[in-house]
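Source file: run-v3.txt (compact mmCIF, C-alpha atoms)
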```
# COMPACT_ATOMS: atom_id res chain seq x y z
CA ARG A 196 117.27 100.91 166.06
CA TYR A 197 120.72 101.68 167.33
CA MET A 198 120.04 105.45 167.61
CA ARG A 199 117.20 104.92 170.10
CA HIS A 200 119.83 104.38 172.80
CA TYR A 201 121.13 107.95 172.47
CA ASN A 202 119.83 111.45 172.98
CA ASN A 203 120.26 113.78 170.04
CA ILE A 204 120.82 117.42 170.89
CA CYS A 205 120.97 120.03 168.16
CA LEU A 206 122.05 123.61 168.77
CA ASN A 207 122.04 126.50 166.38
CA PRO A 208 125.23 128.56 166.41
CA TYR A 209 124.95 132.09 167.75
CA ASP A 210 124.56 134.79 165.15
CA ASP A 211 126.94 137.77 165.13
CA SER A 212 124.47 140.13 166.80
CA SER A 213 124.03 137.74 169.75
CA LEU A 214 127.79 137.35 170.16
CA LYS A 215 128.25 141.13 170.05
CA ARG A 216 125.57 141.60 172.69
CA ILE A 217 126.98 138.95 175.03
CA PHE A 218 130.61 140.03 174.82
CA GLY A 219 129.66 143.71 174.62
CA ILE A 220 127.99 143.55 178.03
CA ILE A 221 130.98 141.73 179.52
CA MET A 222 133.50 144.19 178.08
CA ARG A 223 131.45 147.25 179.03
CA TRP A 224 131.45 146.04 182.64
CA TRP A 225 135.17 145.24 182.58
CA LEU A 226 136.19 148.59 181.02
CA GLU A 227 134.28 150.71 183.58
CA PRO A 228 137.33 151.62 185.72
CA TYR A 229 139.47 152.60 182.73
CA PRO A 230 139.89 156.11 181.27
CA SER A 231 137.16 157.20 178.86
CA LYS A 232 139.51 157.10 175.86
CA VAL A 233 139.96 153.36 176.52
CA ARG A 234 136.29 152.74 177.42
CA VAL A 235 135.12 154.02 174.04
CA MET A 236 137.03 151.17 172.43
CA GLN A 237 134.53 148.63 173.82
CA LYS A 238 132.23 148.49 170.80
CA PRO A 239 134.99 148.37 168.15
CA LEU A 240 136.83 145.74 170.22
CA VAL A 241 133.80 143.45 170.34
CA ASP A 242 132.84 144.10 166.70
CA VAL A 243 136.32 143.42 165.35
CA THR A 244 136.71 140.22 167.37
CA VAL A 245 133.39 138.78 166.22
CA SER A 246 134.09 139.85 162.64
CA LEU A 247 137.56 138.29 162.70
CA TYR A 248 136.18 135.08 164.20
CA ALA A 249 133.48 134.85 161.51
CA GLN A 250 136.00 135.32 158.71
CA ILE A 251 138.38 132.74 160.21
CA CYS A 252 135.53 130.22 160.45
CA ARG A 253 134.63 130.86 156.79
CA GLN A 254 138.17 130.82 155.38
CA LEU A 255 140.24 128.44 157.49
CA LEU A 256 138.30 125.23 157.13
CA PRO A 257 139.61 121.89 158.38
CA THR A 258 141.26 119.61 155.83
CA PRO A 259 142.92 116.21 156.29
CA ALA A 260 146.28 117.97 156.73
CA LYS A 261 144.78 120.67 158.97
CA SER A 262 142.13 118.78 160.91
CA HIS A 263 142.68 120.99 163.97
CA TYR A 264 141.42 124.09 162.12
CA THR A 265 138.17 123.98 164.04
CA PHE A 266 137.28 127.27 165.67
CA ASN A 267 134.41 127.77 168.06
CA LEU A 268 132.92 130.14 170.60
CA ARG A 269 135.48 129.07 173.19
CA ASP A 270 138.18 130.72 171.06
CA VAL A 271 136.34 134.05 171.12
CA SER A 272 135.99 133.68 174.88
CA LYS A 273 139.75 133.05 175.18
CA VAL A 274 140.49 136.30 173.33
CA PHE A 275 138.35 138.33 175.72
CA GLY A 276 139.64 136.38 178.73
CA GLY A 277 143.19 137.24 177.73
CA VAL A 278 142.31 140.89 177.24
CA MET A 279 140.73 140.99 180.69
CA SER A 280 143.88 139.44 182.23
CA VAL A 281 145.92 142.59 181.65
CA ASP A 282 147.20 144.62 184.56
CA GLN A 283 144.89 147.59 185.11
CA ASP A 284 147.80 150.04 185.27
CA TYR A 285 148.95 149.02 181.78
CA LEU A 286 145.92 150.17 179.74
CA LYS A 287 146.21 153.94 179.50
CA GLU A 288 145.85 154.52 175.74
CA PRO A 289 143.66 152.97 173.03
CA ASN A 290 146.77 151.69 171.23
CA ASP A 291 147.68 149.66 174.33
CA LEU A 292 144.32 147.90 174.13
CA ILE A 293 144.67 147.30 170.38
CA ARG A 294 148.13 145.74 170.81
CA LEU A 295 146.81 143.56 173.63
CA TRP A 296 143.88 142.49 171.48
CA ALA A 297 146.20 141.70 168.54
CA HIS A 298 148.42 139.62 170.84
CA GLU A 299 145.45 137.65 172.19
CA CYS A 300 144.03 137.01 168.70
CA THR A 301 147.43 135.85 167.54
CA ARG A 302 147.80 133.62 170.59
CA VAL A 303 144.35 132.07 170.20
CA PHE A 304 143.95 131.84 166.41
CA CYS A 305 147.34 132.19 164.72
CA ASP A 306 149.32 129.91 167.03
CA ARG A 307 147.16 127.05 165.78
CA LEU A 308 148.10 127.62 162.13
CA VAL A 309 150.71 125.30 160.62
CA ASP A 310 151.15 126.72 157.15
CA GLN A 311 153.16 129.92 156.58
CA ARG A 312 150.68 130.96 153.92
CA ASP A 313 147.87 130.74 156.50
CA VAL A 314 149.92 132.70 159.05
CA LYS A 315 150.59 135.43 156.50
CA TRP A 316 146.89 135.49 155.57
CA PHE A 317 145.89 135.75 159.22
CA ARG A 318 148.27 138.65 159.92
CA SER A 319 146.98 140.53 156.90
CA VAL A 320 143.34 139.95 157.86
CA LEU A 321 144.08 140.97 161.46
CA ALA A 322 145.65 144.23 160.27
CA ASN A 323 142.79 144.98 157.87
CA HIS A 324 140.11 144.30 160.46
CA ALA A 325 141.94 146.35 163.10
CA THR A 326 142.34 149.32 160.76
CA ASP A 327 138.71 149.15 159.63
CA HIS A 328 137.15 148.83 163.09
CA PHE A 329 139.48 150.88 165.27
CA LYS A 330 139.92 153.65 162.65
CA ILE A 331 143.65 153.80 163.45
CA PRO A 332 146.26 152.55 160.94
CA PHE A 333 147.48 149.23 162.32
CA GLU A 334 151.08 149.99 161.34
CA ASP A 335 150.96 153.05 163.62
CA VAL A 336 149.73 150.91 166.50
CA MET A 337 152.38 148.24 165.94
CA SER A 338 155.26 150.66 165.40
CA GLU A 339 154.53 152.78 168.47
CA GLY A 340 157.87 153.28 170.16
CA ASP A 341 159.74 151.19 167.57
CA SER A 342 160.17 152.76 164.15
CA SER A 343 162.70 150.05 163.18
CA ILE A 344 159.85 147.73 162.16
CA LEU A 345 158.72 150.13 159.42
CA ASP A 346 160.49 149.31 156.17
CA PRO A 347 159.88 151.54 153.11
CA ASN A 348 160.86 148.61 150.87
CA ASP A 349 158.35 146.26 152.54
CA PRO A 350 155.10 147.96 153.57
CA THR A 351 153.93 144.81 155.41
CA ALA A 352 157.08 144.35 157.54
CA TYR A 353 155.27 145.62 160.64
CA LEU A 354 153.04 142.51 160.51
CA ASN A 355 156.01 140.39 161.58
CA LYS A 356 156.53 142.27 164.85
CA ARG A 357 156.24 140.02 167.85
CA LEU A 358 153.79 141.09 170.50
CA ILE A 359 154.50 139.43 173.81
CA PHE A 360 152.46 139.82 176.97
CA CYS A 361 153.23 137.79 180.06
CA ASP A 362 152.89 137.85 183.82
CA PHE A 363 156.35 136.57 184.71
CA SER A 364 158.52 139.46 183.52
CA ASN A 365 159.35 140.42 187.11
CA PRO A 366 159.88 137.17 189.06
CA ARG A 367 160.68 138.99 192.31
CA SER A 368 157.37 140.81 192.38
CA ALA A 369 154.55 139.34 194.45
CA ARG A 370 152.11 140.98 192.02
CA LYS A 371 152.07 139.06 188.74
CA ALA A 372 151.17 141.81 186.29
CA TYR A 373 150.17 140.71 182.77
CA VAL A 374 151.89 143.39 180.68
CA GLU A 375 153.51 143.90 177.29
CA ILE A 376 157.17 142.99 177.03
CA ARG A 377 159.08 145.44 174.87
CA ASP A 378 162.59 144.44 175.93
CA LEU A 379 163.11 140.86 174.74
CA ASP A 380 166.65 140.75 176.12
CA GLN A 381 165.33 141.47 179.62
CA LEU A 382 162.71 138.73 179.20
CA ALA A 383 165.36 136.30 177.96
CA GLY A 384 167.39 137.06 181.10
CA VAL A 385 164.38 136.27 183.28
CA VAL A 386 163.60 133.04 181.46
CA GLU A 387 167.19 131.81 181.34
CA GLY A 388 168.16 133.04 184.80
```

Whole structure, structure tokens version:
Amino acid sequence: RYMRHYNNICLNPYDDSSLKRIFGIIMRWWLEPYPSKVRVMQKPLVDVTVSLYAQICRQLLPTPAKSHYTFNLRDVSKVFGGVMSVDQDYLKEPNDLIRLWAHECTRVFCDRLVDQRDVKWFRSVLANHATDHFKIPFEDVMSEGDSSILDPNDPTAYLNKRLIFCDFSNPRSARKAYVEIRDLDQLAGVVEG
């Protein structure tokens, strides 16, 4: 009798093909002004994001200690929203887009993880998915311009590289460009100064 006072609404979750279609159309539109070598990354970008999201939902289930491990469509939307926030002058090469995507996935999914084992699992899955879908070794993407992160004694050392994108790296600029920060000392000077 109590339930008669409420409306019950049931929704089926979107299947992967629907998500790929929705976000594929959005990303195709957004990538139109970019060079063709970046535009061709649209399909792999959407496929890898949906695939990563599906695996995270299957593997990282909520527990009493990790009750906030609930992932939904809003998280996928945040990844694409972050990718679309980048300054248009920044994306010139496919590797730039892959690093941006990896940063946004880390920001949306990995920053929520509380266990180092889960963080390590996520970084490994991210690298595997990126290599499989983008057909470029993820260590090459991450080490671009910084060979110091490649360690012959630890083949997974590149997974610990910090990717930082922000729009406050140049506080004097009227144009707040969301770009990758490669010089952490310069960023520290901006934040502390």

Coordinates-based distance that separates atom CA of Leu295 of chain A from atom CA of Asn267 of chain A (Å, one decimal): 20.8 Å

Near-Tyr373 of chain A list (7 Å; only C-alpha atoms; drop same-chain fewer than 2 positions) as a list in words: Ser280, Val281, Asp282, Phe360, Cys361, Asp362 and Lys371 of chain A

Minimum-distance residue to Val235 of chain A, chosen among A:Arg302, A:Lys261, A:Arg223, A:Arg307 (using all atoms listed in the file): A:Arg223

Go through segment 255-285 of chain A residue by residue and, counting all atoms listed in the file, keep those with an atom at most 9 Å from segment 308-318 of chain A; for each kept residue give the shortest atom pair and its distance in Å to one decimal, ordered by chain and increasing number, as a tab-separated table.
```
residue	atom	partner	partner_atom	distance
A:Leu255	CA	A:Asp313	CA	8.0
A:Lys261	CA	A:Val309	CA	7.7
A:His263	CA	A:Leu308	CA	8.8
A:Tyr264	CA	A:Leu308	CA	7.6
```

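Residue nearest Gly276 of chain A within the list A:Pro228, A:Trp296, A:Val233, A:Asp335: A:Trp296 [criterion: smallest interatomic distance, only C-alpha atoms].
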
Pick from A:Phe329, A:Thr244, A:Ala372, A:Ala297 nearest to Arg357 of chain A, counting only C-alpha atoms: A:Ala297

Atomic separation - atom CA of Pro230 of chain A relative to atom CA of Asp284 of chain A, Å: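 If I compute the distance from atom CA of Asp284 of chain A to atom CA of Pro230 of chain A, I get 10.7 Å.
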
At a cut-off of 7 Å from (154.9, 143.4, 173.3) in the coordinates of the file, what residues are picked up using all atoms listed in the file, written as an mmCIF file with C-alpha atoms, in the frame of the given file?
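Okay, this is what ended up in part-v3.cif:
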```cif
data_model
loop_
_atom_site.group_PDB
_atom_site.id
_atom_site.type_symbol
_atom_site.label_atom_id
_atom_site.label_comp_id
_atom_site.auth_asym_id
_atom_site.auth_seq_id
_atom_site.Cartn_x
_atom_site.Cartn_y
_atom_site.Cartn_z
ATOM 1 C CA ARG A 357 156.240 140.020 167.850
ATOM 2 C CA LEU A 358 153.790 141.090 170.500
ATOM 3 C CA ILE A 359 154.500 139.430 173.810
ATOM 4 C CA PHE A 360 152.460 139.820 176.970
ATOM 5 C CA GLU A 375 153.510 143.900 177.290
ATOM 6 C CA ILE A 376 157.170 142.990 177.030
ATOM 7 C CA ARG A 377 159.080 145.440 174.870
#
```

Padding 4 Å on every side, please: axis-aligned box over the listed atoms of segment 372-375 of chain A, centre and edge lengths to one decimal in Å, as JSON.
```
{"center_x": 151.8, "center_y": 142.3, "center_z": 181.8, "size_x": 11.3, "size_y": 11.2, "size_z": 17.0}
```

Residue nearest Pro289 of chain A among A:Met236, A:Val274, A:Ile251, A:Cys305 (counting all atoms listed in the file):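 Among the listed residues, the smallest separation from Pro289 of chain A belongs to A:Met236.
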
Point-to-point distance from atom CA of Ile331 of chain A to atom CA of Ser364 of chain A, Å rounded to tenths: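 Atom CA of Ser364 of chain A lies 28.8 Å from atom CA of Ile331 of chain A.
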
Spatial neighbours of Pro208 of chain A, max dist 9 Å, only C-alpha atoms, sep filter under 2 positions, as number ranges by chain: A: 206, 210, 268

Please dump the current selection as a PDB file, in the frame of the given file; keep C-alpha atoms.
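Listed below is the output, out-v3.pdb:
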```
ATOM      1  CA  LEU A 206     122.050 123.610 168.770  1.00  0.00           C
ATOM      2  CA  ASP A 210     124.560 134.790 165.150  1.00  0.00           C
ATOM      3  CA  LEU A 268     132.920 130.140 170.600  1.00  0.00           C
TER       4      LEU A 268
END
```

Point (130.7, 143.8, 164.9) neighbourhood (9 Å, only C-alpha atoms) written as number ranges by chain: A: 211-212, 214-215, 238-246, 328
